[in-house]
Each structure stands twice: as structure tokens, then as C-alpha cells.
There are 2 protein chains.
Amino acid sequence: MKAAILAVGSELLATDRLDTNSLRLTAVLQRFGVELIAKSVIGDDEAAIARELNRRLEEVELVIVSGGLGPTADDVTRAATAQALGRGLRLEESLVDHMRQLFAGFGRTMPEVNRRQAEVIDGATVLHNPAGTAPGQRLEAGGATIFLLPGVPRELDVLVAEHLEPWRLERCGDQHGYERGVLKVACLPESVVEERIAPAYALFGRENISVLASPGDIKIYFGAAGTADERRERLATMRAELARLAGAAVYTDREDGTLEQVVVEQMLAHGKTVATAESCTGGLVAERISSVAGCSPMFKGGVVAYSYELKTLLLDVPAEMLTQHGAVSETVVNAMASEARRRYDADFSIAISGIAGPGGGLPEKPVGTVHLTLAGPGDDDIDHRCVRFPGDRERVRRMTSQLALEMLRRRLAGLPAA
Amino acid sequence: MKAAILAVGSELLATDRLDTNSLRLTAVLQRFGVELIAKSVIGDDEAAIARELNRRLEEVELVIVSGGLGPTADDVTRAATAQALGRGLRLEESLVDHMRQLFAGFGRTMPEVNRRQAEVIDGATVLHNPAGTAPGQRLEAGGATIFLLPGVPRELDVLVAEHLEPWRLERCGDQHGYERGVLKVACLPESVVEERIAPAYALFGRENISVLASPGDIKIYFGAAGTADERRERLATMRAELARLAGAAVYTDREDGTLEQVVVEQMLAHGKTVATAESCTGGLVAERISSVAGCSPMFKGGVVAYSYELKTLLLDVPAEMLTQHGAVSETVVNAMASEARRRYDADFSIAISGIAGPGGGLPEKPVGTVHLTLAGPGDDDIDHRCVRFPGDRERVRRMTSQLALEMLRRRLAGLPAA
């Protein structure tokens, strides 16, 4: 089965909005083995929507239209679809009653304009919308199926789950589904990940594995087709093999899992605590750790020792040491880590000092040079690293925080250093 | 003039990628007064691209195609366009030579596959690409113009600036342009901003003003049409009137301006310094300040006093005070602010303690309750605020950091409190 997505709304043709609904719809289509061949965005123009819909109906068996089902004059998806199919629109009084009740539930009277939302195209099945006033509609036309869904993401999701998915299951069963899994990897270059997992391409098919890279973080996506059982089994095999190939760098196989979350969970499981001592990252590591709900038992807190004075005051780094070695040095960052761990009474400490740029670079310490030290859990455990990250200030800071968390994760898990 | 955008690439039909190039192209079209009526995404399928292109040519006078100009077998935009127009493709040897030189410049030999990129459609004008190997092409067909541009954003931008914009200017002059300005507002509810600027709707036209809200931050966009001079004058009038209506809450009129940047610039101009003392925001305020390049002279640093112990250790908050009032209290946050300012020798300090959730809420201090204090520049200057933010942990932390920065901005500018 082939499908097209048509998003309706002039606001989606402006400079600041994209049709993100199409991503959610694409994921559902993939899961059911439906091939998406085109996406388009059309403004609130009845004739233009009708024309686009008719063109897509020449190409595919399923068209999903989102948006334009609201109550105002520029919500023309219902009228446009009726026009495209040469059908009539009738007012469904039971829907009006239902909307009146919804408004009454909020202690409000339904505005008269909302009656438009009860207009149903001849031959359409009304798709009840428990999350809002705009019902969806499903139509059969010349061998193809059209779904009209609301543009509000929350309402779209509900209608997809309650109407689109069951329809597809009933019609085609579960044989043709496609499902994805993910493995996330920190602090490895994309090319290294590609090289490591290359043997899996031959095993599982190049088209079923893709790598998505962002600074210091890489997602390996893998997919499998078949029935629900076949998919589950295949995905488990792929996950295990890819994890084996990618090695210790894999920190999670959860779609919504973050490195900071994994670190916090590990620390809580081990009953350990950490303190941070940051210079160039300016609190980014602390911010990431504390973004995880429930981190209190493992996170003591930290210091952002941006100036020389504060490095001395908060971390007891001797002024002579700073002038002799410079703040961005192994000696200073080790001193910061040791003192943070001791003074703030934590099992581990992370200390960072670097040149995030764009200014401040030196011939021997160019922009992007960063010293990191992980101290603990023993007094003599000092893991120092000096790296040079490419890119702008934001990227250098991001990659530094990523490496700091990854060093801690590996230490906790007893893995070789990153 | 009406236009359509066509993005080519199967990867843009996956679940994790959107055609963001269209936003940049839309901004350019707007500036030149060109109306965008449709955007679509088509996979790497020669026949499908040709069909889509021909359909759009029935509707508009300008079609911008991005992507599919690379050297590999799935880069079929050139062939698809030739097919759509019924024209031939010829290999332009001078382009091959040019690419060979580019590769030689990197010390590499040009792979043979790259020859494809030198294929030019009959009648096309080659658009030199100084940023990559894929040249663009411009074609006239039946009264319409087609631009083929590379999909790599950096290369697209260069070709837009060097070829699309001059073409449009030469053809239509500057009479029909549309340009936008922005005003950014912190820490006001969207409804309040809407209410304040409502008189401007009647003055300048409802359709020329739009409000875009994110947590604690609102953008007021306004636009004007006409020649470059008319636009400039009109935008200046709108900017002044909207700024007057929105009041002191406006912190910048720069498209790329951020609140943290404005605060850092103000502090540098005043020669003042700040230190931070954060609990529930976990370093977010420090992170935002230090994200601004060149902040060193104004940012002393700060502490993330997440635990009770660290509040005592780093900020001298007496243990009795913590147990008596709780960490989330006016007394404690004032003590944190005063001590941070004194101990870290800064002109100002910002102290924050709150319940970001989802756990930790109490009947008298529900989730979202936050105490903030801005201390300085005088020893007795203490500006305390207790607020309750709706939403999840991320939103509460974000809005808190926004209010902290806004309090500092207003104090520095001598404005009434937020």
C-alpha cells in the first residue's frame, strides 16, 4: 500500500512552522508497512486543497489529510474534500448536540460557528474525537481511502490510535508491519560507529539500518518487517548484534533515553554521589544531571568556577598554580576535581576547564582544548583527559558535557575508558 | 508571482527529518513579495519528481527544487527535470574540469561518479556553486522559472544569495518585497502581550502582526510590504509603536538576540559582575550566562547548591534556618543571595530555590513553587519574588531561569520590576 500525507494550513507555509504531524504519521505508516511516497503542505484554499487531493488519489491508496477541521471560515478541508469527490456536505445534528455537551462541560455555550464542525461529507464515516470538538472523517473513493484528521497534535494522536491503526489492522492484518529500534552511543565519531557496525549491513540489509549523528551523540536505528512476532524476534536479534558490534559505547536502547538519565539511574542504583566543578561549560553538566527528575540523592551540587578567584575560593586552587600552569591544564583540573570531591563530600567529582571560544585560544592551547578529570571513588582515582573538540562554543560545551557524563557512566559500569 | 517549493530526497520522507530548507527559502520568497502556495517532498524517484514538477508548473511561475543534485545513483533531480520538460542532458566538460580542480585542492582525485554533477539540462543556465561540487541550474519553461538548488543548507544559502535573489531583483525590482521585524518579550503571558498590542492590529493590519509564544518568551513578528525604502520606514514605525505598546517587557528587536545575550551586554556596558546561587535550576542560569561568548568579565561564576549540606557549605545558610523555613523559602533564598554576592565578590547575585517537580510538592508549596532573589548592587538591595509556574520540570526550570535573567535586565536598565 502506498500513501501520501497532505497538511492543510496557511500557517504551515510561513517561515517559522513545519508540518511536524507528518513525522508522527510516517512512524505509524512505517509500522504498518505502508510506503509514504509524498508529503505536501497547502494553504487554506479550498480549490487548491481539492486539486492536490485529486492528484494524490491518482497515485496512492491512502491519503491522510491533517488540519483545516476547525470552526472558523478558513477551515475548509471538509468543503475541499467534498468538492474534490463531487459529493455533498450535510449537517449531522447528533454531532452538534455532542459538541454542545462538550462546551457545557466547560461551563460555556457553544459558539454558532462551531456548527461547521458537524458537517459530514456524503458517504463518510465519522471518527469520534474524544480530545476535542473536531471529529475526523474516513472516506472511500475509487479504491482509495481518505482520512481527514485534526491538525492539533494531541487530537491527531488520539484519532490515529483509535481510528487509523484499527482500520489498517482490520484491513491488512499485522503481516506487513515495519518497526524500529534504537541504540544510542556517546562520544564516538560517526565514521567509527559506521565502521564497527558495517558487518551488520550484510547480515540485516543496508536499508534496515541507519545512523543519525549529533555532537557527541549517535543514534543507530534498525528496523524489521513482518508480523508482530517476527518483528519482535528480528529486532531482538538486530539489537543484540548491533550492540555487540558497537561495544561498550552503547548507553541505552530506549528511544527516549538520555545519557544524563542513564548516569543518574546508575548512580542511584550504586548509591553513589557526585559533585561538579565546571569552568568553560559554565554549569552545563550540573544542569543536565539536575534535569533528571529524582536526581537529589545522587547529586550533591557543584560549582561554576568561571573566574580565577572563584577557582581559588571554591576549590582551593592555589593562585601560583593558576599563573604557573594556566587554568586550562592537567594540574589545575586535577586539583579542582580532588578538592570538589573532598570539600563537597561526594564519591565522585567531575572537573572541567577549557577554551570554548571563539576567543581565548593560544598557539599551544587552541580553541576547543578541554581538560576533564573524573575523581573517585577512591582518593587516588584520578582519570584525566585532554581533548580538542572542533566547532563553535555551543558545540565544544555540548561535547565536553557529553564526555564528562560518559566518563562517569563507564567508570560506574566498570567499562574501559571512553 | 506565485511559487512552489519541491524538496527531493527519500530521507525527507523518513520519521526523523523535515525539509527545513523550505523555511529559509520561504523567508527569501516573502522578502521579495512572492506568494508560496505549496510545499512538497518527493523521494528519489525520477518519474515521481517529474510528475510533481509538471503539476506545480501548471500552478505557479516559480518552482524551487532543492536536493538530488549529488553524485550518486539516487540523485535524480537533473534527469527528472529533463524528463518533465522533455529536454536532453549534456555533459559540460568545463564543469568536470572545475570539479577536478576542487578535488585536487583537497589533495584528492575526483571519483568518476562525480561526473554526473556536470550534467546540464538543455537550455539551462548553470549556477556556479562556490561552496560545493553540485552546481545549481536555472530553467525557463512555458513562462515559468525553475531553480534547481543543492539540498545541503550551507550550499543552498550561497546559491540563493548569489543567484536566486539577484535574478528576482533584476526581473521584478524591489517594489514588491515583504520584510519582517521582531520584538522579543520575556516573562509575560501571551494573552497580556496580545491585549497590549491589540491597538496595533487596527493601525497596521491584523495579518501583518503575529505572536509566537514559548515558555517565558514571546516573539512579536511584524511585516511590511513595498519597496526597500517603504519597508524600512514602515517597519521602523511598526517597531516603535509595538515597542511602546508592549512596554518595558521588550528586551530586544534582534532576530538572533537572546535574553542572556542582552543581559551580558548590559552588564559589560555597566562594568558590573554577577554570581549565581542555584538550587532547583541546577546551573541553568549559569549555563545560559556562560553560553554568551565574551561573558568572562561580568560572570564570576556560581554555585549549584542542590543539597542542604551544600547550601550550608557554599552559602553559609544555617542548618537551623533550613529546617525551620525549608529550603524553598524567602528567608533561605535571601540568605543564599546575600552570601553569594558577598563571598564571591560580585555586584549582583541571583539565588533560586524551588520545587521543579514532578516529586517534592507539598500542600503549601506545590510543584512549580519557586523563590528567587536578586541582590545588589547595594548591600541592602534585595528583590525577592515567589512565583508558581505551571508545567513539567523542564518548563518550570526554563521559566525560572527566564525570570531570573529578566529581573537582572530590568534592574540594570532601571525599569520597573517584571
# chains A, B, ... in the order shown; residues from 1 in each chain; ligands from 1
>>> select_by_dssp(residues="segment 218-254 of chain A", states="strand (DSSP E or B)", output="ChimeraX atom specification")
/A:218-226,250-252
>>> write_last_selection(atoms="N, CA and C atoms", output="PDB file, in the first residue's frame")
ATOM      1  N   ILE A 218      25.271   9.594  18.980  1.00  0.00           N
ATOM      2  CA  ILE A 218      24.901   8.943  17.722  1.00  0.00           C
ATOM      3  C   ILE A 218      23.778   7.951  17.966  1.00  0.00           C
ATOM      4  N   LYS A 219      22.787   7.985  17.092  1.00  0.00           N
ATOM      5  CA  LYS A 219      21.693   7.031  17.186  1.00  0.00           C
ATOM      6  C   LYS A 219      21.819   6.031  16.045  1.00  0.00           C
ATOM      7  N   ILE A 220      21.797   4.732  16.409  1.00  0.00           N
ATOM      8  CA  ILE A 220      21.767   3.677  15.393  1.00  0.00           C
ATOM      9  C   ILE A 220      20.334   3.162  15.343  1.00  0.00           C
ATOM     10  N   TYR A 221      19.649   3.430  14.235  1.00  0.00           N
ATOM     11  CA  TYR A 221      18.283   2.930  14.079  1.00  0.00           C
ATOM     12  C   TYR A 221      18.308   1.637  13.288  1.00  0.00           C
ATOM     13  N   PHE A 222      17.462   0.700  13.681  1.00  0.00           N
ATOM     14  CA  PHE A 222      17.357  -0.537  12.910  1.00  0.00           C
ATOM     15  C   PHE A 222      15.885  -0.929  12.843  1.00  0.00           C
ATOM     16  N   GLY A 223      15.509  -1.540  11.725  1.00  0.00           N
ATOM     17  CA  GLY A 223      14.100  -1.840  11.530  1.00  0.00           C
ATOM     18  C   GLY A 223      13.889  -3.244  11.001  1.00  0.00           C
ATOM     19  N   ALA A 224      12.704  -3.770  11.267  1.00  0.00           N
ATOM     20  CA  ALA A 224      12.386  -5.122  10.814  1.00  0.00           C
ATOM     21  C   ALA A 224      10.934  -5.168  10.359  1.00  0.00           C
ATOM     22  N   ALA A 225      10.687  -5.958   9.314  1.00  0.00           N
ATOM     23  CA  ALA A 225       9.337  -6.102   8.775  1.00  0.00           C
ATOM     24  C   ALA A 225       8.764  -7.469   9.131  1.00  0.00           C
ATOM     25  N   GLY A 226       7.460  -7.614   8.953  1.00  0.00           N
ATOM     26  CA  GLY A 226       6.818  -8.907   9.193  1.00  0.00           C
ATOM     27  C   GLY A 226       5.658  -8.786  10.155  1.00  0.00           C
ATOM     28  N   VAL A 250      27.584   1.840  23.689  1.00  0.00           N
ATOM     29  CA  VAL A 250      26.119   1.929  23.719  1.00  0.00           C
ATOM     30  C   VAL A 250      25.642   2.225  25.134  1.00  0.00           C
ATOM     31  N   TYR A 251      24.908   3.307  25.312  1.00  0.00           N
ATOM     32  CA  TYR A 251      24.444   3.616  26.676  1.00  0.00           C
ATOM     33  C   TYR A 251      22.970   3.352  26.900  1.00  0.00           C
ATOM     34  N   THR A 252      22.185   3.262  25.829  1.00  0.00           N
ATOM     35  CA  THR A 252      20.775   2.924  26.030  1.00  0.00           C
ATOM     36  C   THR A 252      20.169   2.362  24.755  1.00  0.00           C
TER      37      THR A 252
END
>>> residues_around(residues="Val160 of chain B", least_positions_apart="5", cutoff="9 Å", atoms="only C-alpha atoms", output="list in words")
Leu25, Val28, Leu149, Glu155, Glu165 and Pro166 of chain B
>>> closest_atom_pairs(of="chain B", to="chain A", cutoff="6 Å", atoms="only C-alpha atoms", output="Markdown table")
| residue | atom | partner | partner_atom | distance |
| --- | --- | --- | --- | --- |
| B:Thr15 | CA | A:Leu23 | CA | 4.8 |
| B:Leu23 | CA | A:Thr15 | CA | 4.9 |
| B:Thr26 | CA | A:Thr15 | CA | 5.6 |
| B:Ala27 | CA | A:Thr15 | CA | 5.6 |
| B:Ala38 | CA | A:Ile42 | CA | 5.0 |
| B:Lys39 | CA | A:Val41 | CA | 5.1 |
| B:Ser40 | CA | A:Ser40 | CA | 4.0 |
| B:Val41 | CA | A:Lys39 | CA | 5.1 |
| B:Ile42 | CA | A:Ala38 | CA | 5.0 |
| B:Gly282 | CA | A:Glu287 | CA | 4.9 |
| B:Gly283 | CA | A:Gly283 | CA | 4.7 |
| B:Leu284 | CA | A:Glu287 | CA | 5.3 |
| B:Ala286 | CA | A:Gly283 | CA | 5.7 |
| B:Glu287 | CA | A:Gly283 | CA | 4.8 |
| B:Ser290 | CA | A:Gly282 | CA | 5.3 |
| B:Lys300 | CA | A:Ser307 | CA | 5.4 |
| B:Gly301 | CA | A:Tyr306 | CA | 4.7 |
| B:Gly302 | CA | A:Val304 | CA | 4.8 |
| B:Val303 | CA | A:Val303 | CA | 4.3 |
| B:Val304 | CA | A:Gly302 | CA | 4.8 |
| B:Ala305 | CA | A:Gly301 | CA | 5.1 |
| B:Tyr306 | CA | A:Gly301 | CA | 4.7 |
| B:Ser307 | CA | A:Lys300 | CA | 5.4 |
>>> write_last_selection(atoms="N, CA and C atoms", output="compact mmCIF listing (two decimals), in the first residue's frame")
# COMPACT_ATOMS: atom_id res chain seq x y z
N THR B 15 11.05 9.21 9.34
CA THR B 15 10.35 9.67 10.55
C THR B 15 11.15 10.71 11.34
N LEU B 23 12.00 26.57 5.00
CA LEU B 23 11.83 27.76 5.84
C LEU B 23 12.73 28.89 5.36
N THR B 26 11.36 30.14 2.12
CA THR B 26 10.14 30.92 2.34
C THR B 26 10.47 32.34 2.77
N ALA B 27 11.47 32.48 3.64
CA ALA B 27 11.85 33.82 4.11
C ALA B 27 12.31 34.68 2.94
N ALA B 38 2.46 26.19 -2.22
CA ALA B 38 2.55 24.76 -1.90
C ALA B 38 3.99 24.36 -1.64
N LYS B 39 4.15 23.41 -0.70
CA LYS B 39 5.45 22.79 -0.48
C LYS B 39 5.24 21.29 -0.62
N SER B 40 6.16 20.59 -1.25
CA SER B 40 6.04 19.14 -1.21
C SER B 40 7.39 18.47 -1.10
N VAL B 41 7.33 17.24 -0.64
CA VAL B 41 8.52 16.40 -0.51
C VAL B 41 8.27 15.14 -1.33
N ILE B 42 9.22 14.81 -2.19
CA ILE B 42 9.12 13.62 -3.02
C ILE B 42 10.42 12.83 -2.86
N GLY B 282 19.54 24.06 38.99
CA GLY B 282 20.71 23.18 38.84
C GLY B 282 21.83 23.68 37.95
N GLY B 283 21.95 24.99 37.78
CA GLY B 283 23.04 25.51 36.96
C GLY B 283 22.56 26.09 35.63
N LEU B 284 21.25 26.07 35.41
CA LEU B 284 20.71 26.54 34.13
C LEU B 284 20.98 28.03 33.91
N ALA B 286 23.46 29.83 35.24
CA ALA B 286 24.90 29.95 34.98
C ALA B 286 25.22 29.49 33.56
N GLU B 287 24.60 28.39 33.17
CA GLU B 287 24.84 27.84 31.83
C GLU B 287 24.42 28.83 30.76
N SER B 290 26.88 31.81 30.71
CA SER B 290 28.19 31.45 30.18
C SER B 290 28.13 30.96 28.74
N LYS B 300 31.26 35.99 37.41
CA LYS B 300 32.20 35.46 38.40
C LYS B 300 32.12 33.94 38.44
N GLY B 301 30.90 33.45 38.27
CA GLY B 301 30.66 32.02 38.43
C GLY B 301 29.50 31.84 39.37
N GLY B 302 29.35 30.63 39.86
CA GLY B 302 28.23 30.42 40.74
C GLY B 302 28.30 29.07 41.41
N VAL B 303 27.29 28.81 42.21
CA VAL B 303 27.25 27.51 42.88
C VAL B 303 25.90 26.86 42.61
N VAL B 304 25.94 25.54 42.51
CA VAL B 304 24.72 24.76 42.39
C VAL B 304 24.56 24.04 43.72
N ALA B 305 23.82 24.67 44.61
CA ALA B 305 23.69 24.14 45.97
C ALA B 305 22.44 23.27 46.00
N TYR B 306 22.60 22.05 45.48
CA TYR B 306 21.43 21.21 45.32
C TYR B 306 21.02 20.58 46.65
N SER B 307 21.99 20.17 47.44
CA SER B 307 21.68 19.54 48.74
C SER B 307 21.68 20.58 49.86
>>> closest_residue(among="B:Leu403, B:Leu148, B:Met321, B:Ala340", to="Pro215 of chain B", atoms="only C-alpha atoms")
B:Leu403
>>> residues_around(residues="segment 408-410 of chain B", least_positions_apart="5", cutoff="9 Å", atoms="only C-alpha atoms", output="list in words")
Ala248, Ala249, Tyr251, Leu259, Val262, Val263, Gln266, Met267, Phe348, Ser349, Ile350, Leu374, Leu403, Leu415, Pro416, Ala417 and Ala418 of chain B
